[in-house]
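Trainee: File follows, final.txt with compact mmCIF, C-alpha atoms:
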```txt
# COMPACT_ATOMS: atom_id res chain seq x y z
CA MET A 74 21.50 -2.15 -12.52
CA SER A 75 23.35 1.03 -11.62
CA ALA A 76 24.93 3.15 -14.35
CA LEU A 77 27.92 3.66 -12.08
CA PRO A 78 31.23 2.09 -13.17
CA VAL A 79 31.44 -1.54 -12.14
CA GLN A 80 33.31 -1.88 -8.89
CA SER A 81 36.05 -4.48 -8.92
CA TRP A 82 36.57 -7.16 -6.29
CA PRO A 83 38.82 -6.26 -3.37
CA SER A 84 42.28 -7.84 -3.55
CA PRO A 85 42.59 -11.11 -1.57
CA GLU A 86 44.54 -9.27 1.15
CA ARG A 87 41.98 -6.47 1.38
CA ALA A 88 39.19 -9.05 1.36
CA LEU A 89 40.66 -10.80 4.39
CA GLU A 90 41.12 -7.46 6.18
CA LEU A 91 37.46 -6.66 5.63
CA PHE A 92 36.44 -10.16 6.66
CA ALA A 93 38.44 -9.87 9.90
CA ARG A 94 36.31 -6.83 10.79
CA LEU A 95 33.08 -8.84 10.93
CA ARG A 96 33.09 -8.78 14.71
CA PRO A 97 30.26 -7.61 16.95
CA ASP A 98 32.40 -4.69 18.14
CA ASP A 99 33.12 -3.41 14.63
CA THR A 100 29.76 -2.03 13.59
CA VAL A 101 31.13 0.02 10.69
CA GLY A 102 33.13 -2.97 9.46
CA HIS A 103 29.87 -4.64 8.43
CA ALA A 104 28.92 -1.69 6.24
CA ASP A 105 32.40 -1.54 4.73
CA PHE A 106 32.21 -5.24 3.91
CA ALA A 107 28.84 -4.86 2.19
CA VAL A 108 30.01 -1.79 0.26
CA ALA A 109 33.13 -3.62 -0.93
CA PHE A 110 31.49 -6.90 -1.96
CA LEU A 111 27.87 -6.38 -2.92
CA ASP A 112 28.40 -4.62 -6.25
CA PRO A 113 31.03 -6.97 -7.68
CA LEU A 114 28.96 -9.91 -6.52
CA ALA A 115 25.78 -8.60 -8.17
CA GLU A 116 27.78 -7.88 -11.33
CA HIS A 117 29.23 -11.40 -11.28
CA LEU A 118 25.72 -12.84 -11.07
CA ARG A 119 24.54 -10.60 -13.86
CA ARG A 120 27.34 -11.71 -16.18
CA ASN A 121 26.55 -15.36 -15.55
CA ASN A 122 22.76 -15.33 -15.43
CA THR A 123 19.88 -13.90 -17.37
CA ALA A 124 17.74 -13.22 -14.30
CA HIS A 125 16.28 -9.75 -13.74
CA ASP A 126 17.95 -7.17 -11.49
CA HIS A 127 15.60 -7.70 -8.58
CA ALA A 128 16.45 -11.40 -8.35
CA LEU A 129 20.16 -10.70 -8.79
CA PHE A 130 20.13 -8.09 -6.04
CA GLU A 131 18.18 -10.38 -3.72
CA ALA A 132 20.62 -13.23 -4.26
CA ALA A 133 23.72 -11.08 -3.82
CA GLU A 134 22.19 -9.53 -0.69
CA ASP A 135 21.26 -12.94 0.69
CA ALA A 136 24.86 -14.10 0.34
CA VAL A 137 26.34 -10.95 1.89
CA ILE A 138 23.81 -10.71 4.72
CA SER A 139 24.26 -14.35 5.53
CA LEU A 140 28.02 -13.91 5.89
CA LEU A 141 27.65 -10.68 7.88
CA LYS A 142 25.50 -12.56 10.36
CA ASN A 143 27.56 -15.71 10.41
CA PRO A 144 31.18 -15.03 9.41
CA ALA A 145 32.23 -18.43 10.77
CA ALA A 146 30.55 -19.98 7.74
CA PHE A 147 33.59 -18.97 5.68
CA ASP A 148 36.86 -20.75 6.34
CA PRO A 149 39.78 -18.84 4.76
CA ALA A 150 41.79 -22.07 4.68
CA ARG A 151 39.36 -23.59 2.19
CA GLY A 152 39.42 -20.97 -0.55
CA SER A 153 39.03 -17.32 -1.37
CA LEU A 154 36.29 -15.11 -0.02
CA GLN A 155 35.36 -14.15 -3.58
CA SER A 156 34.81 -17.78 -4.58
CA TYR A 157 32.84 -18.44 -1.43
CA LEU A 158 30.52 -15.48 -2.02
CA CYS A 159 30.04 -16.35 -5.70
CA MET A 160 29.14 -19.92 -4.85
CA SER A 161 26.83 -18.86 -2.02
CA ALA A 162 25.11 -16.24 -4.19
CA ALA A 163 24.64 -18.71 -7.05
CA GLY A 164 22.79 -21.02 -4.65
CA ASP A 165 20.77 -18.10 -3.31
CA LEU A 166 19.84 -17.06 -6.84
CA LYS A 167 18.46 -20.52 -7.52
CA ASN A 168 16.37 -20.22 -4.38
CA VAL A 169 15.13 -16.74 -5.33
CA LEU A 170 14.18 -17.90 -8.82
CA SER A 171 12.41 -21.02 -7.65
CA ARG A 172 10.53 -18.91 -5.07
CA GLU A 173 9.46 -16.57 -7.87
CA ARG A 174 8.47 -19.51 -10.07
CA ARG A 175 6.21 -20.82 -7.31
CA HIS A 176 4.66 -17.37 -6.95
CA HIS A 177 4.03 -17.15 -10.68
CA GLU A 178 2.44 -20.57 -10.72
CA LYS A 179 0.19 -19.61 -7.80
CA ARG A 180 -0.65 -16.32 -9.49
CA ALA A 181 -1.44 -18.00 -12.79
CA SER A 182 -3.75 -20.37 -10.99
CA VAL A 183 -5.58 -17.49 -9.25
CA GLU A 184 -5.89 -15.58 -12.54
CA LEU A 185 -7.30 -18.65 -14.23
CA ASP A 186 -9.85 -19.02 -11.46
CA ASP A 187 -10.81 -15.36 -11.82
CA PHE A 188 -11.42 -15.66 -15.53
CA ALA A 189 -13.31 -18.87 -15.00
CA GLY A 190 -15.68 -16.84 -12.83
CA LYS A 191 -15.03 -18.76 -9.66
CA GLU A 192 -15.44 -17.33 -6.19
CA GLU A 193 -12.28 -15.50 -5.23
CA ASP A 194 -11.99 -15.91 -1.53
CA GLU A 195 -8.23 -16.16 -1.84
CA GLY A 196 -5.85 -13.76 -3.55
CA GLU A 197 -6.64 -10.44 -5.18
CA ASP A 198 -8.96 -9.83 -8.13
CA LEU A 199 -6.23 -9.09 -10.63
CA PRO A 200 -6.37 -9.69 -14.37
CA SER A 201 -3.41 -11.42 -16.03
CA LEU A 202 -0.52 -9.01 -16.10
CA ASP A 203 1.61 -10.75 -18.69
CA HIS A 204 0.48 -8.46 -21.49
CA PRO A 205 3.05 -5.74 -22.43
CA THR A 206 0.40 -3.05 -22.00
CA PHE A 207 0.22 -3.93 -18.33
CA ALA A 208 4.00 -3.73 -18.02
CA ALA A 209 3.84 -0.22 -19.48
CA ALA A 210 1.04 0.74 -17.10
CA ILE A 211 2.88 -0.70 -14.12
CA ALA A 212 6.01 1.21 -15.10
CA GLU A 213 3.96 4.37 -14.49
CA PHE A 214 3.25 3.31 -10.90
CA THR A 215 5.20 4.85 -8.06
CA ASP A 216 7.71 2.59 -6.28
CA PRO A 217 5.39 2.08 -3.28
CA GLU A 218 2.50 1.22 -5.62
CA ARG A 219 4.64 -1.33 -7.46
CA ALA A 220 5.72 -2.84 -4.15
CA ALA A 221 2.08 -3.01 -3.01
CA LEU A 222 1.12 -4.66 -6.29
CA GLU A 223 3.83 -7.27 -5.79
CA LEU A 224 2.44 -8.03 -2.34
CA MET A 225 -1.08 -8.34 -3.76
CA ARG A 226 0.15 -10.70 -6.44
CA ASP A 227 2.00 -12.72 -3.83
CA GLY A 228 -1.24 -13.18 -1.96
CA VAL A 229 -0.12 -11.13 1.06
CA ARG A 230 -3.07 -10.04 3.21
CA GLU A 231 -1.48 -8.35 6.25
CA THR A 232 -2.14 -4.63 6.45
CA ALA A 233 1.18 -4.07 8.17
CA ARG A 234 3.14 -5.40 5.19
CA PHE A 235 1.33 -3.00 2.86
CA ALA A 236 1.69 -0.13 5.31
CA GLU A 237 5.42 -0.75 5.37
CA VAL A 238 5.88 -0.53 1.60
CA LEU A 239 3.50 2.41 1.30
CA GLY A 240 5.51 4.32 3.88
CA ILE A 241 2.63 4.75 6.32
CA ALA A 242 3.73 2.27 8.97
CA GLY A 243 4.08 5.11 11.48
CA ARG A 244 0.38 5.98 11.33
CA ALA A 245 -2.37 4.72 13.60
CA PRO A 246 -3.52 1.17 12.72
CA ARG A 247 -7.01 2.31 11.73
CA GLU A 248 -5.56 4.95 9.39
CA GLN A 249 -3.16 2.37 7.95
CA PHE A 250 -6.03 0.00 7.31
CA ALA A 251 -8.06 2.65 5.48
CA GLU A 252 -5.12 3.95 3.47
CA VAL A 253 -3.99 0.44 2.48
CA LYS A 254 -7.49 -0.36 1.29
CA ARG A 255 -7.61 2.85 -0.75
CA ALA A 256 -4.21 2.10 -2.30
CA LYS A 257 -5.20 -1.47 -3.21
CA ASP A 258 -8.50 -0.33 -4.72
CA ARG A 259 -6.68 2.35 -6.71
CA ILE A 260 -4.21 -0.19 -8.10
CA LYS A 261 -6.98 -2.62 -9.06
CA GLN A 262 -9.00 0.12 -10.73
CA ARG A 263 -6.03 1.27 -12.80
CA LEU A 264 -5.27 -2.27 -13.92
CA LYS A 265 -8.88 -2.94 -14.74
CA ARG A 266 -9.01 0.19 -16.88
CA VAL A 267 -5.99 -1.09 -18.78
CA ALA A 268 -7.63 -4.50 -19.15
CA GLU A 269 -10.79 -2.91 -20.53
CA GLY A 270 -8.73 -1.08 -23.16
CA LEU A 271 -7.09 -4.23 -24.49
CA MET B 119 26.09 4.38 -3.93
CA SER B 120 24.87 1.79 -6.39
CA ASP B 121 21.31 0.56 -6.88
CA ALA B 122 22.27 -2.78 -5.34
CA LEU B 123 23.53 -1.13 -2.14
CA LYS B 124 20.47 1.11 -1.92
CA HIS B 125 18.27 -1.95 -2.44
CA MET B 126 20.04 -3.78 0.38
CA ALA B 127 19.88 -0.75 2.69
CA GLU B 128 16.14 -0.57 2.06
CA ARG B 129 15.67 -4.27 2.67
CA VAL B 130 17.51 -4.34 6.01
CA LYS B 131 15.26 -1.66 7.49
CA ALA B 132 13.19 -4.57 8.78
CA ASP B 133 16.20 -6.43 10.22
CA PRO B 134 17.23 -5.56 13.80
CA PHE B 135 20.76 -6.79 13.02
CA PHE B 136 21.38 -3.58 11.05
CA LEU B 137 21.44 0.09 11.97
CA ALA B 138 18.80 0.63 9.29
CA TYR B 139 16.24 -0.83 11.71
CA PRO B 140 16.34 1.83 14.45
CA LEU B 141 16.93 4.55 11.85
CA ALA B 142 13.73 3.49 10.09
CA GLY B 143 11.91 3.48 13.43
CA TYR B 144 13.09 7.01 14.15
CA ALA B 145 12.24 8.27 10.65
CA ALA B 146 8.74 6.77 10.92
CA ALA B 147 8.16 8.25 14.37
CA GLU B 148 9.28 11.70 13.27
CA ASN B 149 7.77 11.40 9.79
CA LEU B 150 11.14 12.11 8.16
CA ASP B 151 12.11 11.42 4.58
CA ASP B 152 15.74 10.70 3.74
CA PRO B 153 16.90 14.33 3.41
CA ALA B 154 15.23 15.19 6.73
CA LEU B 155 16.72 12.14 8.45
CA ALA B 156 20.16 13.02 7.09
CA ALA B 157 19.71 16.58 8.33
CA ALA B 158 18.65 15.37 11.78
CA LEU B 159 21.84 13.31 11.97
CA GLY B 160 24.02 15.98 10.41
CA VAL B 161 25.18 13.82 7.50
CA GLY B 162 24.71 13.97 3.74
CA VAL B 163 21.88 11.98 2.17
CA GLU B 164 24.50 10.00 0.25
CA ASP B 165 25.91 8.76 3.58
CA LEU B 166 22.64 7.16 4.65
CA THR B 167 23.08 3.96 2.64
CA ARG B 168 26.42 3.06 4.24
CA LEU B 169 25.15 4.17 7.63
CA ARG B 170 22.13 1.87 7.35
CA LEU B 171 24.38 -1.07 6.53
CA CYS B 172 26.33 -0.77 9.79
CA ARG B 173 25.66 -3.43 12.35
CA ALA B 174 23.30 -2.23 15.08
CA PRO B 175 25.01 -1.42 18.39
CA ARG B 176 25.21 -4.16 20.98
CA ASP B 177 22.72 -4.15 23.84
CA THR B 178 24.82 -3.84 27.00
CA PRO B 179 25.18 -0.17 28.01
CA ALA B 180 28.99 -0.02 27.85
CA ALA B 181 29.21 -1.85 24.53
CA ARG B 182 26.38 0.25 23.14
CA ARG B 183 28.20 3.43 24.11
CA ASP B 184 31.38 2.19 22.41
CA ASP B 185 29.54 1.17 19.25
CA VAL B 186 27.64 4.43 19.00
CA THR B 187 30.87 6.36 19.51
CA GLU B 188 32.54 4.35 16.73
CA ILE B 189 29.72 4.93 14.27
CA ALA B 190 29.44 8.59 15.20
CA ALA B 191 33.17 9.09 14.62
CA ALA B 192 33.09 7.28 11.27
CA PHE B 193 30.25 9.43 9.95
CA GLY B 194 30.95 12.73 11.72
CA ILE B 195 27.76 12.58 13.78
CA ALA B 196 27.50 14.01 17.30
CA PRO B 197 27.49 10.90 19.55
CA THR B 198 24.71 12.22 21.77
CA THR B 199 22.52 12.91 18.74
CA LEU B 200 23.12 9.43 17.36
CA MET B 201 22.45 7.82 20.74
CA GLU B 202 19.15 9.69 21.06
CA VAL B 203 18.09 8.81 17.54
CA LEU B 204 18.94 5.14 18.00
CA ASN B 205 17.30 4.83 21.42
CA ARG B 206 14.08 6.38 20.18
CA GLY B 207 14.23 4.59 16.85
CA GLN B 208 14.78 1.21 18.44
CA ALA B 209 11.89 1.70 20.86
CA VAL B 210 9.57 2.73 18.05
CA ALA B 211 10.72 -0.08 15.75
CA ARG B 212 10.13 -2.67 18.49
CA LEU B 213 6.70 -1.23 19.21
CA LYS B 214 5.87 -1.40 15.52
CA GLU B 215 6.89 -5.05 15.52
CA LYS B 216 4.51 -5.73 18.39
CA VAL B 217 1.67 -3.91 16.65
CA LYS B 218 2.45 -5.82 13.46
CA THR B 219 2.32 -9.13 15.28
CA ALA B 220 -0.94 -8.21 16.98
CA ASP B 221 -2.36 -6.98 13.67
CA ARG B 222 -1.34 -10.23 12.03
CA ASP B 223 -3.04 -12.19 14.74
CA GLY B 224 -6.13 -10.07 14.32
CA ALA B 225 -6.10 -9.28 18.03
CA PHE B 226 -5.26 -5.61 17.76
CA LEU B 227 -7.94 -4.49 15.37
CA ALA B 228 -10.48 -6.83 16.90
CA ALA B 229 -9.85 -5.30 20.32
CA ARG B 230 -10.18 -1.77 18.93
CA ASP B 231 -13.17 -2.32 16.71
CA GLY B 232 -15.34 -4.57 18.81
CA ASP B 233 -18.18 -6.50 17.18
CA PRO B 234 -20.13 -4.84 14.39
CA PRO B 235 -23.66 -3.81 15.43
CA ALA B 236 -26.34 -6.41 14.78
CA GLU B 237 -28.85 -5.73 12.05
CA GLY B 238 -31.45 -3.20 13.12
CA GLU B 239 -29.27 -1.85 15.93
CA PRO B 240 -27.96 1.70 15.67
CA SER B 241 -24.20 1.71 14.90
```
Could you write out this structure as structure tokens?

Mentor:
Amino acid sequence: MSALPVQSWPSPERALELFARLRPDDTVGHADFAVAFLDPLAEHLRRNNTAHDHALFEAAEDAVISLLKNPAAFDPARGSLQSYLCMSAAGDLKNVLSRERRHHEKRASVELDDFAGKEEDEGEDLPSLDHPTFAAAIAEFTDPERAALELMRDGVRETARFAEVLGIAGRAPREQFAEVKRAKDRIKQRLKRVAEGL
Amino acid sequence: MSDALKHMAERVKADPFFLAYPLAGYAAAENLDDPALAAALGVGVEDLTRLRLCRAPRDTPAARRDDVTEIAAAFGIAPTTLMEVLNRGQAVARLKEKVKTADRDGAFLAARDGDPPAEGEPS
């Protein structure tokens, strides 16, 4: 979470002013709304949950983005905007966490298959990454490498998704393909070296 | 800007609802990092997060002109510069989407690569 001072919620009057600007013809109003609400919402989630920052951010973003796209979902007559966003984000956090839980279960199953020596037609050949040594090694990765690793662990296969997180989406498809493969091989090699040292 | 806002601005680069989408298309086409993109627009790097979180301009020409003018005024960008950046960025981002879809379907690479040579045939 940011080291910046925690931003407080807008007053109810200010909140309604910002909400009233969520019209198609007020493009900047959408940014102002997000800037005003995202931080206090993420902080609210953090105070009330033990989830990690990524999940908290995702949930707070889901709630804000959803309202930006569909402001009619909030009825000012039925309560405050702050309460609405908190409730919406709490639901989104549950969804984010259950999505992550499913991914972990799938990952654990793939890892088990790998160690059992089965054919690995599906998923990437990754050792179990629960060990703290792996966490330390992964912390040394660059942001794009970490994002690529997450995709690999999620079982993503599309080159375009990797190209996006590696920042090479603007290159020719053949170049993307080659560079993505190199990046994935590099990540696997580094993790395998760590695994061998355990 | 906070980490949460930067995270959201990064995430919405793939969402055509937000201005981040055409800006990402433009940056990719011109191979610009954030400081270079900010310089091309004539804003500070710290302004990019809020700029990316603006709603993308509407599609009809008159509304688009109004929206671009509003954004340009709010961020001190020359309207013609912003319009050029967004037009090019949107075209590139849409093209990327098409390539991505084709790539996902396997059609694009298959069409480019053709069949691998059979054993014994020169490649």

Trainee: Which residues come within 9 Å of range 180-197 of chain B, counting all atoms listed in the file, excluding same-chain residues fewer than 4 positions away, as a list of chain:residue names?

Mentor: A:Asp98, A:Asp99, A:Thr100, A:Val101, B:Leu159, B:Gly160, B:Val161, B:Asp165, B:Leu169, B:Cys172, B:Ala174, B:Pro175, B:Arg176, B:Met201, B:Glu202, B:Leu204

Trainee: Take the residues from that selection and write them out as a PDB file, in the frame of the given file, keeping C-alpha atoms.

Mentor:
```pdb
ATOM      1  CA  ASP A  98      32.400  -4.690  18.140  1.00  0.00           C
ATOM      2  CA  ASP A  99      33.120  -3.410  14.630  1.00  0.00           C
ATOM      3  CA  THR A 100      29.760  -2.030  13.590  1.00  0.00           C
ATOM      4  CA  VAL A 101      31.130   0.020  10.690  1.00  0.00           C
TER       5      VAL A 101
ATOM      6  CA  LEU B 159      21.840  13.310  11.970  1.00  0.00           C
ATOM      7  CA  GLY B 160      24.020  15.980  10.410  1.00  0.00           C
ATOM      8  CA  VAL B 161      25.180  13.820   7.500  1.00  0.00           C
ATOM      9  CA  ASP B 165      25.910   8.760   3.580  1.00  0.00           C
ATOM     10  CA  LEU B 169      25.150   4.170   7.630  1.00  0.00           C
ATOM     11  CA  CYS B 172      26.330  -0.770   9.790  1.00  0.00           C
ATOM     12  CA  ALA B 174      23.300  -2.230  15.080  1.00  0.00           C
ATOM     13  CA  PRO B 175      25.010  -1.420  18.390  1.00  0.00           C
ATOM     14  CA  ARG B 176      25.210  -4.160  20.980  1.00  0.00           C
ATOM     15  CA  MET B 201      22.450   7.820  20.740  1.00  0.00           C
ATOM     16  CA  GLU B 202      19.150   9.690  21.060  1.00  0.00           C
ATOM     17  CA  LEU B 204      18.940   5.140  18.000  1.00  0.00           C
TER      18      LEU B 204
END
```

Trainee: Just want the 6 Å neighbourhood of range 213-217 of chain A, counted on all atoms listed in the file, with same-chain residues fewer than 2 positions away dropped. Output as a list in words.

Mentor: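 That gives Ala210, Ile211, Arg219, Ala220, Val238 and Leu239 of chain A.
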
Trainee: Provide the CA of Leu89 in chain A to CA of Lys124 in chain B distance in Å, to one decimal place.

Mentor: 24.3 Å

Trainee: Go through chain B and flag each residue having an atom no more than 6 Å from chain A; for those, report the closest pair of atoms plus their distance in Å to one decimal, using all atoms listed in the file, ordered by chain and rising number, as CSV.

Mentor:
```
residue,atom,partner,partner_atom,distance
B:Ser120,CA,A:Ser75,CA,5.5
B:Asp121,CA,A:Ser75,CA,5.2
B:Ala122,CA,A:Phe130,CA,5.8
B:Ala146,CA,A:Gly243,CA,5.0
B:Ala147,CA,A:Gly243,CA,5.9
B:Arg168,CA,A:Ala104,CA,5.7
B:Leu171,CA,A:Ala104,CA,4.6
B:Cys172,CA,A:Ala104,CA,4.5
B:Arg173,CA,A:Thr100,CA,4.5
B:Lys218,CA,A:Ala233,CA,5.7
```

Trainee: Counting all atoms listed in the file, what is within 9 Å of Lys257 in chain A, bar same-chain residues fewer than 3 positions away, as a list in words?

Mentor: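 Using all atoms listed in the file, the neighbours found are Glu218, Ala221, Leu222, Met225, Glu252, Val253, Lys254, Ile260, Lys261 and Gln262 of chain A.
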
Trainee: To one decimal place, how far is CA of Gly207 in chain B from CA of Ala142 in chain B in Å?

Mentor: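 Between CA of Gly207 in chain B and CA of Ala142 in chain B the gap is 6.9 Å.
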
Trainee: Work out where the centre of an axis-aligned box around every listed atom of range 129-144 of chain B lies and how long its edges are once 5 Å is added on each side; give both in Å to one decimal as AutoDock Vina command-line options.

Mentor:
```
--center_x 16.7 --center_y 0.1 --center_z 8.6 --size_x 19.5 --size_y 23.8 --size_z 21.8
```

Trainee: Suppose you want the space between CA of Ser156 in chain A and CA of Leu166 in chain B; what is it in Å?

Mentor: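 Those two atoms sit 29.2 Å apart.
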
Trainee: Around the point (18.0, -14.9, -5.0) in the file's coordinates, collect all residues with an atom within 6 Å, using only C-alpha atoms, and return them as a VMD selection string.

Mentor: chain A and resid 128 131 to 132 165 to 166 168 to 169

Trainee: Which residue out of A:Arg120, A:Arg94, A:Arg259, A:Lys265 has the minimum interatomic distance to Ala163 in chain A when all atoms listed in the file are used?

Mentor: A:Arg120

Trainee: Which residue is closest to Arg87 in chain A? Choose from A:Leu154, A:Cys159, A:Leu140, A:Ala145 and count only C-alpha atoms.

Mentor: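 Distance minimum relative to Arg87 in chain A lands on A:Leu154.
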
Trainee: Extract range 159-168 of chain B from the coordinates I pasted, and write it as a tab-separated table (two decimals), in the first residue's frame (atoms kept: all heavy atoms).

Mentor:
```tsv
chain	number	residue	atom	x	y	z
B	159	LEU	N	2.69	14.73	-24.78
B	159	LEU	CA	1.42	15.41	-24.48
B	159	LEU	C	1.65	16.80	-23.88
B	159	LEU	O	0.71	17.61	-23.82
B	159	LEU	CB	0.60	14.57	-23.51
B	159	LEU	CG	0.06	13.24	-24.05
B	159	LEU	CD1	-0.40	12.34	-22.91
B	159	LEU	CD2	-1.09	13.50	-25.02
B	160	GLY	N	2.85	17.02	-23.38
B	160	GLY	CA	3.12	18.30	-22.73
B	160	GLY	C	2.59	18.37	-21.31
B	160	GLY	O	2.18	19.43	-20.84
B	161	VAL	N	2.56	17.21	-20.62
B	161	VAL	CA	2.13	17.20	-19.22
B	161	VAL	C	3.24	16.58	-18.36
B	161	VAL	O	4.21	16.02	-18.91
B	161	VAL	CB	0.84	16.36	-19.01
B	161	VAL	CG1	-0.31	16.96	-19.80
B	161	VAL	CG2	1.05	14.90	-19.40
B	162	GLY	N	3.11	16.66	-17.06
B	162	GLY	CA	4.07	16.02	-16.17
B	162	GLY	C	3.75	14.53	-16.07
B	162	GLY	O	2.59	14.14	-16.23
B	163	VAL	N	4.76	13.73	-15.77
B	163	VAL	CA	4.53	12.28	-15.63
B	163	VAL	C	3.49	12.01	-14.54
B	163	VAL	O	2.67	11.09	-14.65
B	163	VAL	CB	5.84	11.55	-15.26
B	163	VAL	CG1	5.63	10.06	-15.15
B	163	VAL	CG2	6.90	11.83	-16.30
B	164	GLU	N	3.50	12.85	-13.51
B	164	GLU	CA	2.57	12.64	-12.38
B	164	GLU	C	1.11	12.87	-12.80
B	164	GLU	O	0.19	12.46	-12.10
B	164	GLU	CB	2.95	13.53	-11.19
B	164	GLU	CG	2.83	15.02	-11.41
B	164	GLU	CD	4.00	15.63	-12.20
B	164	GLU	OE1	4.91	14.89	-12.61
B	164	GLU	OE2	3.96	16.85	-12.44
B	165	ASP	N	0.91	13.54	-13.94
B	165	ASP	CA	-0.47	13.78	-14.41
B	165	ASP	C	-1.03	12.57	-15.17
B	165	ASP	O	-2.24	12.50	-15.42
B	165	ASP	CB	-0.52	14.99	-15.35
B	165	ASP	CG	-0.18	16.28	-14.63
B	165	ASP	OD1	-0.59	16.41	-13.46
B	165	ASP	OD2	0.49	17.13	-15.24
B	166	LEU	N	-0.16	11.66	-15.57
B	166	LEU	CA	-0.61	10.58	-16.45
B	166	LEU	C	-1.66	9.68	-15.80
B	166	LEU	O	-2.59	9.21	-16.45
B	166	LEU	CB	0.58	9.72	-16.91
B	166	LEU	CG	1.46	10.32	-18.01
B	166	LEU	CD1	2.60	9.35	-18.35
B	166	LEU	CD2	0.66	10.63	-19.27
B	167	THR	N	-1.49	9.44	-14.50
B	167	THR	CA	-2.44	8.52	-13.83
B	167	THR	C	-3.87	9.07	-13.92
B	167	THR	O	-4.79	8.37	-14.35
B	167	THR	CB	-2.05	8.31	-12.35
B	167	THR	OG1	-0.75	7.73	-12.32
B	167	THR	CG2	-3.03	7.41	-11.64
B	168	ARG	N	-4.04	10.34	-13.52
B	168	ARG	CA	-5.39	10.92	-13.56
B	168	ARG	C	-5.89	11.02	-15.01
B	168	ARG	O	-7.06	10.78	-15.28
B	168	ARG	CB	-5.36	12.30	-12.90
B	168	ARG	CG	-6.70	12.98	-12.84
B	168	ARG	CD	-6.68	14.17	-11.89
B	168	ARG	NE	-7.82	15.03	-12.13
B	168	ARG	CZ	-7.77	16.21	-12.73
B	168	ARG	NH1	-6.60	16.70	-13.13
B	168	ARG	NH2	-8.86	16.93	-12.92
```
